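Participant: I am sharing my_file21.txt, which consists of compact mmCIF, C-alpha atoms:
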# COMPACT_ATOMS: atom_id res chain seq x y z
CA MET A 70 0.00 0.00 0.00
CA LYS A 71 0.91 3.65 -0.25
CA ILE A 72 0.56 5.17 3.21
CA LEU A 73 0.79 8.83 4.15
CA LEU A 74 2.38 9.09 7.59
CA THR A 75 2.53 12.44 9.38
CA GLY A 76 5.03 13.05 12.15
CA ALA A 77 7.48 10.81 10.30
CA ALA A 78 10.54 12.27 12.06
CA GLY A 79 8.90 11.80 15.44
CA PHE A 80 9.51 9.02 17.94
CA ILE A 81 6.47 6.86 17.13
CA GLY A 82 6.43 8.01 13.51
CA MET A 83 9.94 6.80 12.70
CA HIS A 84 9.39 3.37 14.25
CA THR A 85 6.05 2.98 12.47
CA ALA A 86 7.49 4.04 9.11
CA LEU A 87 10.34 1.53 9.44
CA ARG A 88 7.89 -1.30 10.07
CA LEU A 89 5.78 -0.30 7.06
CA LEU A 90 8.85 -0.10 4.84
CA ASP A 91 10.17 -3.44 6.09
CA ARG A 92 6.96 -5.15 5.02
CA GLY A 93 6.98 -3.55 1.55
CA ASP A 94 4.69 -0.54 1.80
CA VAL A 95 5.39 2.80 0.13
CA VAL A 96 5.54 5.54 2.76
CA VAL A 97 5.12 9.26 2.17
CA GLY A 98 6.43 11.00 5.28
CA VAL A 99 5.38 14.46 6.43
CA ASP A 100 7.04 16.44 9.22
CA ASN A 101 8.00 20.06 9.85
CA LEU A 102 11.02 19.22 12.08
CA ASN A 103 10.09 22.00 14.49
CA ASP A 104 12.29 22.90 17.45
CA TYR A 105 9.97 21.78 20.26
CA TYR A 106 12.88 19.49 21.10
CA ASP A 107 16.34 18.71 19.67
CA VAL A 108 16.07 18.94 15.87
CA SER A 109 19.24 16.87 15.41
CA LEU A 110 17.46 13.87 16.95
CA LYS A 111 14.61 14.28 14.47
CA GLU A 112 17.12 14.56 11.63
CA ALA A 113 18.85 11.38 12.79
CA ARG A 114 15.53 9.53 12.80
CA LEU A 115 14.70 10.87 9.36
CA ALA A 116 18.07 9.74 8.01
CA ARG A 117 17.18 6.15 8.91
CA LEU A 118 14.02 6.40 6.82
CA GLN A 119 15.63 8.11 3.86
CA ALA A 120 17.90 5.10 3.39
CA HIS A 121 14.83 3.29 2.00
CA SER A 122 13.93 3.68 -1.67
CA ARG A 123 10.19 3.41 -0.95
CA PHE A 124 10.24 6.38 1.43
CA SER A 125 9.71 9.96 0.29
CA PHE A 126 9.60 13.02 2.51
CA ARG A 127 7.77 16.33 2.52
CA ARG A 128 8.92 18.97 4.99
CA LEU A 129 5.80 20.92 5.87
CA SER A 130 3.37 21.61 8.69
CA VAL A 131 0.06 19.78 8.80
CA GLU A 132 -1.65 23.08 9.61
CA ASP A 133 -0.62 24.39 6.16
CA ARG A 134 -3.91 23.82 4.37
CA GLU A 135 -2.73 24.31 0.80
CA ALA A 136 0.43 22.24 1.24
CA MET A 137 -1.46 19.32 2.78
CA ALA A 138 -4.14 19.43 0.08
CA ALA A 139 -1.38 19.28 -2.53
CA VAL A 140 0.27 16.26 -0.90
CA PHE A 141 -3.00 14.33 -0.86
CA LEU A 142 -3.77 15.26 -4.46
CA GLN A 143 -0.31 14.38 -5.75
CA GLU A 144 0.33 11.22 -3.74
CA GLN A 145 -3.18 9.71 -3.55
CA PRO A 146 -2.43 7.58 -0.47
CA GLN A 147 -4.62 4.55 0.16
CA ARG A 148 -4.42 4.92 3.93
CA VAL A 149 -3.24 7.57 6.37
CA ILE A 150 -1.52 7.30 9.75
CA HIS A 151 -1.67 10.71 11.43
CA LEU A 152 0.86 11.03 14.26
CA ALA A 153 1.92 14.67 13.86
CA ALA A 154 0.83 16.86 16.78
CA GLN A 155 2.03 19.37 19.28
CA ALA A 156 2.76 17.04 22.17
CA GLY A 157 3.28 17.59 25.88
CA VAL A 158 0.97 18.58 28.72
CA ARG A 159 3.17 21.18 30.42
CA TYR A 160 4.08 23.00 27.21
CA SER A 161 0.36 23.62 26.62
CA LEU A 162 0.21 25.79 29.73
CA THR A 163 2.50 28.40 28.17
CA ASN A 164 2.08 27.83 24.42
CA PRO A 165 -1.64 27.13 23.89
CA HIS A 166 -1.82 28.43 20.33
CA ALA A 167 0.65 25.80 19.15
CA TYR A 168 -1.91 23.14 20.10
CA ILE A 169 -4.77 24.83 18.30
CA ASP A 170 -2.66 25.22 15.14
CA ALA A 171 -1.16 21.73 14.97
CA ASN A 172 -3.77 19.60 16.70
CA LEU A 173 -7.02 21.21 15.51
CA GLN A 174 -6.22 23.05 12.27
CA GLY A 175 -3.81 20.29 11.32
CA PHE A 176 -6.37 17.57 11.99
CA ILE A 177 -9.11 19.17 9.90
CA ASN A 178 -6.63 19.35 7.02
CA ILE A 179 -6.01 15.62 7.39
CA LEU A 180 -9.73 14.86 7.50
CA GLU A 181 -10.40 16.98 4.42
CA GLY A 182 -7.55 15.33 2.55
CA CYS A 183 -8.94 11.89 3.35
CA ARG A 184 -12.48 12.94 2.42
CA HIS A 185 -11.63 14.37 -0.97
CA ASN A 186 -9.17 11.68 -2.04
CA GLU A 187 -11.06 8.50 -1.21
CA VAL A 188 -8.71 7.36 1.54
CA GLU A 189 -9.66 3.87 2.73
CA HIS A 190 -8.82 4.34 6.41
CA LEU A 191 -7.45 7.02 8.74
CA ALA A 192 -5.72 5.93 11.95
CA TYR A 193 -4.67 8.78 14.22
CA ALA A 194 -2.96 9.39 17.55
CA SER A 195 -5.17 10.18 20.48
CA SER A 196 -3.95 10.01 24.07
CA SER A 197 -4.66 8.57 27.50
CA SER A 198 -4.83 12.19 28.63
CA VAL A 199 -8.42 12.36 27.34
CA TYR A 200 -9.46 10.56 30.53
CA GLY A 201 -8.56 13.72 32.44
CA GLY A 202 -9.90 13.83 35.98
CA ASN A 203 -11.25 10.29 35.83
CA THR A 204 -9.92 8.18 38.73
CA ALA A 205 -11.77 4.92 37.94
CA LEU A 206 -8.98 2.56 36.90
CA PRO A 207 -8.32 0.95 34.51
CA PHE A 208 -9.44 3.50 31.93
CA SER A 209 -11.96 2.07 29.48
CA GLU A 210 -13.21 3.36 26.12
CA HIS A 211 -16.72 2.92 27.54
CA GLN A 212 -16.09 5.68 30.10
CA ASN A 213 -16.98 9.35 29.71
CA VAL A 214 -14.05 11.59 28.68
CA ASP A 215 -15.63 15.02 29.12
CA HIS A 216 -13.33 16.33 31.87
CA PRO A 217 -9.88 17.10 30.41
CA VAL A 218 -7.33 18.71 32.74
CA SER A 219 -5.01 20.14 30.06
CA LEU A 220 -5.44 21.87 26.71
CA TYR A 221 -3.44 19.06 25.11
CA ALA A 222 -6.03 16.57 26.36
CA ALA A 223 -8.86 18.78 25.12
CA THR A 224 -7.39 18.88 21.61
CA LYS A 225 -7.10 15.09 21.54
CA LYS A 226 -10.73 14.71 22.63
CA ALA A 227 -11.64 17.23 19.93
CA ASN A 228 -9.82 15.08 17.35
CA GLU A 229 -11.97 12.10 18.28
CA LEU A 230 -15.14 14.19 17.90
CA MET A 231 -14.00 15.61 14.56
CA ALA A 232 -13.16 12.14 13.30
CA HIS A 233 -16.58 10.85 14.29
CA THR A 234 -18.24 13.66 12.37
CA TYR A 235 -16.38 12.74 9.17
CA SER A 236 -17.06 9.04 9.71
CA HIS A 237 -20.77 9.84 10.05
CA LEU A 238 -21.11 12.40 7.26
CA PHE A 239 -18.76 10.96 4.66
CA GLN A 240 -18.42 7.29 5.68
CA LEU A 241 -14.68 7.78 6.20
CA PRO A 242 -13.37 4.90 8.35
CA THR A 243 -11.42 6.41 11.26
CA THR A 244 -9.69 4.81 14.23
CA GLY A 245 -8.24 6.76 17.16
CA LEU A 246 -5.53 5.22 19.32
CA ARG A 247 -5.24 6.44 22.89
CA PHE A 248 -1.53 5.97 23.60
CA PHE A 249 -0.41 5.37 27.19
CA THR A 250 3.05 6.81 28.12
CA VAL A 251 5.14 5.51 25.22
CA TYR A 252 8.86 4.97 25.80
CA GLY A 253 11.83 3.25 24.18
CA PRO A 254 14.85 3.84 21.91
CA TRP A 255 14.79 7.10 19.92
CA GLY A 256 12.26 8.49 22.43
CA ARG A 257 11.42 12.13 23.08
CA PRO A 258 13.89 14.18 25.18
CA ASP A 259 11.04 15.82 27.11
CA MET A 260 9.78 12.47 28.46
CA ALA A 261 10.71 11.18 31.92
CA LEU A 262 12.90 8.25 30.88
CA PHE A 263 15.06 10.41 28.62
CA LEU A 264 15.33 13.19 31.21
CA PHE A 265 16.18 10.74 34.00
CA THR A 266 18.77 8.85 31.97
CA ARG A 267 20.52 12.01 30.78
CA ALA A 268 20.68 13.44 34.30
CA MET A 269 21.85 10.23 35.96
CA LEU A 270 24.63 9.59 33.44
CA ALA A 271 25.78 13.19 33.93
CA GLY A 272 25.75 12.86 37.72
CA ARG A 273 22.84 15.26 38.20
CA PRO A 274 19.73 14.77 40.37
CA ILE A 275 16.39 13.83 38.81
CA ASP A 276 13.14 15.72 39.47
CA ILE A 277 10.35 13.45 40.69
CA PHE A 278 6.90 15.05 40.79
CA ASN A 279 4.03 14.39 43.19
CA ASN A 280 6.73 13.21 45.59
CA GLY A 281 7.03 10.00 43.62
CA GLN A 282 3.39 9.03 44.15
CA MET A 283 2.70 8.50 40.45
CA VAL A 284 1.58 5.43 38.52
CA ARG A 285 1.84 5.11 34.75
CA ASP A 286 0.93 2.46 32.20
CA PHE A 287 4.34 2.63 30.50
CA THR A 288 4.06 1.15 26.99
CA TYR A 289 7.06 0.07 24.95
CA ILE A 290 7.43 1.48 21.45
CA ASP A 291 7.47 -1.90 19.65
CA ASP A 292 4.08 -2.75 21.17
CA ILE A 293 2.67 0.61 20.10
CA VAL A 294 3.86 0.08 16.53
CA GLU A 295 2.42 -3.43 16.39
CA GLY A 296 -0.94 -2.01 17.42
CA ILE A 297 -0.79 0.78 14.82
CA ILE A 298 0.10 -1.63 12.01
CA ARG A 299 -2.66 -4.07 12.86
CA VAL A 300 -5.20 -1.27 13.21
CA ILE A 301 -4.39 0.42 9.88
CA ASP A 302 -4.87 -2.98 8.22
CA LYS A 303 -8.38 -3.29 9.65
CA PRO A 304 -10.57 -0.27 8.79
CA ALA A 305 -13.27 0.70 11.23
CA VAL A 306 -16.83 -0.42 10.49
CA PRO A 307 -20.19 0.56 11.99
CA SER A 308 -21.06 -1.31 15.18
CA ASP A 309 -24.09 -3.59 15.09
CA SER A 310 -24.48 -3.15 18.84
CA PHE A 311 -24.67 0.65 18.86
CA ASP A 312 -27.75 1.89 20.74
CA ALA A 313 -28.72 5.48 19.91
CA VAL A 314 -30.98 5.59 22.99
CA GLN A 315 -28.08 4.75 25.31
CA PRO A 316 -24.99 5.59 23.22
CA ASP A 317 -21.73 3.94 24.26
CA PRO A 318 -18.69 6.25 23.70
CA SER A 319 -16.68 3.32 22.36
CA THR A 320 -19.05 2.40 19.53
CA SER A 321 -20.93 4.13 16.73
CA ASN A 322 -23.31 3.53 13.86
CA ALA A 323 -20.61 5.18 11.73
CA PRO A 324 -17.30 3.52 10.69
CA TYR A 325 -15.53 4.91 13.75
CA ARG A 326 -13.55 3.35 16.59
CA VAL A 327 -11.31 4.46 19.44
CA PHE A 328 -8.99 2.11 21.31
CA ASN A 329 -6.71 2.23 24.31
CA ILE A 330 -3.22 0.99 23.56
CA GLY A 331 -1.28 0.50 26.78
CA ASN A 332 0.66 -2.18 28.58
CA SER A 333 -2.15 -2.90 31.10
CA GLN A 334 0.54 -3.18 33.79
CA PRO A 335 0.42 0.13 35.67
CA THR A 336 3.82 0.73 37.25
CA PRO A 337 4.63 3.01 40.20
CA LEU A 338 7.07 5.70 39.13
CA MET A 339 9.57 4.67 41.80
CA GLU A 340 9.59 1.13 40.40
CA TYR A 341 10.23 2.56 36.92
CA ILE A 342 13.15 4.56 38.32
CA HIS A 343 14.48 1.43 40.04
CA ALA A 344 14.48 -0.37 36.67
CA LEU A 345 16.49 2.55 35.27
CA GLU A 346 18.93 2.39 38.18
CA GLN A 347 19.48 -1.29 37.47
CA ALA A 348 19.95 -0.69 33.74
CA THR A 349 22.48 2.11 34.26
CA GLY A 350 24.17 0.77 37.38
CA ILE A 351 23.67 4.20 38.96
CA GLU A 352 21.61 5.10 42.02
CA ALA A 353 19.65 8.24 41.23
CA ASN A 354 19.94 11.37 43.36
CA LYS A 355 16.23 12.11 43.78
CA ASN A 356 14.70 15.58 44.05
CA PHE A 357 11.07 15.20 45.15
CA LEU A 358 8.64 17.91 44.02
CA PRO A 359 4.86 18.60 44.13
CA MET A 360 2.43 17.60 41.39
CA GLN A 361 2.54 19.76 38.28
CA PRO A 362 -0.54 21.54 36.88
CA GLY A 363 -2.38 19.51 34.23
CA ASP A 364 -0.87 16.20 35.37
CA VAL A 365 -2.72 13.16 36.74
CA ALA A 366 -1.65 10.78 39.50
CA ALA A 367 -2.29 7.50 37.73
CA THR A 368 -3.08 5.90 34.36
CA SER A 369 -4.00 2.33 33.52
CA ALA A 370 -5.31 0.93 30.25
CA ASP A 371 -8.07 -1.59 29.72
CA THR A 372 -7.08 -2.98 26.31
CA SER A 373 -9.72 -5.70 25.99
CA GLU A 374 -11.42 -3.85 23.10
CA LEU A 375 -8.16 -3.57 21.16
CA ASP A 376 -7.38 -7.24 21.77
CA ALA A 377 -10.83 -8.26 20.56
CA TRP A 378 -10.43 -6.13 17.42
CA ILE A 379 -6.89 -7.01 16.30
CA GLY A 380 -5.85 -9.94 18.51
CA PHE A 381 -2.96 -8.17 20.17
CA LYS A 382 -2.08 -6.90 23.64
CA PRO A 383 1.12 -4.98 24.48
CA ASN A 384 3.29 -7.13 26.73
CA THR A 385 6.88 -5.82 26.95
CA SER A 386 7.95 -5.53 30.59
CA VAL A 387 9.28 -2.26 31.99
CA ARG A 388 12.54 -3.94 32.97
CA VAL A 389 13.19 -5.09 29.40
CA GLY A 390 12.02 -1.85 27.77
CA VAL A 391 14.07 0.43 30.03
CA ARG A 392 17.20 -1.66 29.48
CA ARG A 393 16.78 -1.40 25.71
CA PHE A 394 16.39 2.37 25.97
CA VAL A 395 19.55 2.74 28.04
CA GLU A 396 21.51 0.59 25.57
CA TRP A 397 20.31 2.82 22.70
CA TYR A 398 21.02 6.05 24.61
CA ARG A 399 24.58 5.07 25.45
CA LYS A 400 25.30 4.05 21.88
CA HIS A 401 23.61 7.06 20.23
CA TYR A 402 25.21 9.65 22.52
CA ASN A 403 28.46 7.73 22.94
CA THR A 404 28.33 7.87 26.71
CA GLN A 405 28.88 5.42 29.53
What is this structure when it is put down as structure tokens?
Facilitator:
Amino acid sequence: MKILLTGAAGFIGMHTALRLLDRGDVVVGVDNLNDYYDVSLKEARLARLQAHSRFSFRRLSVEDREAMAAVFLQEQPQRVIHLAAQAGVRYSLTNPHAYIDANLQGFINILEGCRHNEVEHLAYASSSSVYGGNTALPFSEHQNVDHPVSLYAATKKANELMAHTYSHLFQLPTTGLRFFTVYGPWGRPDMALFLFTRAMLAGRPIDIFNNGQMVRDFTYIDDIVEGIIRVIDKPAVPSDSFDAVQPDPSTSNAPYRVFNIGNSQPTPLMEYIHALEQATGIEANKNFLPMQPGDVAATSADTSELDAWIGFKPNTSVRVGVRRFVEWYRKHYNTQ
């Protein structure tokens, strides 16, 4: 297939593109290589993709309406994997317009491109952050997600609503994937594992928020990619069980689905740090701090719906995943 993949120079985007290329697909990558974090890391990811003859790249922003329309028209992708977004909860507190531009304007450009070019299926990145203030664990797609606690979360919930509208009006199959704390080699420098590893190897203390009383459903990158690949291969269809009198948020009479994709093994943050200490052979100097605005104390994914749909459940242990990240970090940055 020819697949348009946005956010191709991103963490999840690069890994997904490599898997698609390895199985023989043609991949058209889109990314603007912005400076939200280290551009050289994005360029290094992109270089891995550009070694493949079936990969082509367009440097542009998804919020550029004319440029995105031109890409769709020229490339005529069969399916689209939309991973480009302005990420990060804390950044949204000080740079809200970046989220409106990339996550809302950008998403409508993707939807319009799919609508007008007969795209067979759109799979897009949502986030566990849509569960917001919900404290009923594990999080389920059947639960209400109307109480976001960050603008980032609100834009991801908006993406799901926008996708449903296009699925309903234009019969465009769409599938949203609510990612749960993705980590692994080539990960983002603003994420905890990267920050912790860099600080520990440099002999600096690590900042631990909410005094360490955090729980996360850490999900290894290979498991995320496996889920994305299986989902893009199985376009959403209307649900026979949808009841318009008592509508279930996880189903629809349109070709629309949303799925959690997480490890279903919620891990206390201190246990995660211990796995990192074992992988590095360094005991962290810990700086305990209060909870940050927009953050949540715990996440946990119920992935039974995803498993029923594609026959896959993430299963990489934190110990294994953290060790693989540290091995990559030391090699990539040539540090011990």
Participant: Could you work out how far CA of Arg299 in chain A lies from CA of Phe141 in chain A, giving the answer in Å with one decimal?
Facilitator: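 Those two atoms sit 23.0 Å apart.
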Participant: What's the separation between CA of Phe287 in chain A and CA of Phe208 in chain A, in Å to one decimal place?
Facilitator: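 These atoms are spaced 13.9 Å apart.
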Participant: Within 9 Å of Lys355 in chain A, counting only C-alpha atoms, which residues show up once you throw out same-chain ones fewer than 6 positions away? Write them as a list in words, please.
Facilitator: Pro274, Ile275, Asp276 and Ile277 of chain A
Participant: For Thr75 in chain A, please output as JSON, numbers by chain all residues within 9 Å (counting all atoms listed in the file; exclusion window: fewer than 3 positions along the same chain).
Facilitator: {"A": [78, 79, 82, 97, 98, 99, 100, 131, 149, 150, 151, 152, 153, 154]}
Participant: What is the CA of Asn213 in chain A-CA of Thr163 in chain A distance in Å, reported with one decimal?
Facilitator: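 Result for CA of Asn213 in chain A versus CA of Thr163 in chain A: 27.3 Å, one decimal.
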Participant: Fewer than 6 positions away in the same chain doesn't count, so skip those; otherwise give me all residues within 12 Å of Asn354 in chain A, counting all atoms listed in the file, as an mmCIF file with C-alpha atoms, in the frame of the given file.
Facilitator:
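What follows is the written file part32.cif:
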data_model
loop_
_atom_site.group_PDB
_atom_site.id
_atom_site.type_symbol
_atom_site.label_atom_id
_atom_site.label_comp_id
_atom_site.auth_asym_id
_atom_site.auth_seq_id
_atom_site.Cartn_x
_atom_site.Cartn_y
_atom_site.Cartn_z
ATOM 1 C CA PHE A 265 16.180 10.740 34.000
ATOM 2 C CA THR A 266 18.770 8.850 31.970
ATOM 3 C CA ALA A 268 20.680 13.440 34.300
ATOM 4 C CA MET A 269 21.850 10.230 35.960
ATOM 5 C CA LEU A 270 24.630 9.590 33.440
ATOM 6 C CA ALA A 271 25.780 13.190 33.930
ATOM 7 C CA GLY A 272 25.750 12.860 37.720
ATOM 8 C CA ARG A 273 22.840 15.260 38.200
ATOM 9 C CA PRO A 274 19.730 14.770 40.370
ATOM 10 C CA ILE A 275 16.390 13.830 38.810
ATOM 11 C CA ASP A 276 13.140 15.720 39.470
ATOM 12 C CA ILE A 277 10.350 13.450 40.690
ATOM 13 C CA ILE A 342 13.150 4.560 38.320
ATOM 14 C CA HIS A 343 14.480 1.430 40.040
ATOM 15 C CA GLU A 346 18.930 2.390 38.180
#
Participant: With distances taken over all atoms listed in the file, which of A:Ala113, A:Val314, A:Leu162, A:Leu180 is nearest to Thr234 in chain A?
Facilitator: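 Of A:Ala113, A:Val314, A:Leu162, A:Leu180, the one nearest Thr234 in chain A is A:Leu180, counting all atoms listed in the file.
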Participant: Set the distance at 12 Å and use only C-alpha atoms: which residues neighbour Tyr289 in chain A once local chain neighbours fewer than 2 positions away are removed? I'd like the list as a ChimeraX atom specification.
Facilitator: /A:80-81,84,248-256,262,286-287,291-296,330-334,382-394
Participant: Skip range 194-198 of chain A itself and residues of its chain fewer than 2 positions away, then list as a list in words all residues within 6 Å of it, counting only C-alpha atoms.
Facilitator: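 The filter keeps Leu152, Tyr200, Gly201, Ala222, Lys225, Gly245, Leu246, Arg247, Phe248 and Phe249 of chain A.
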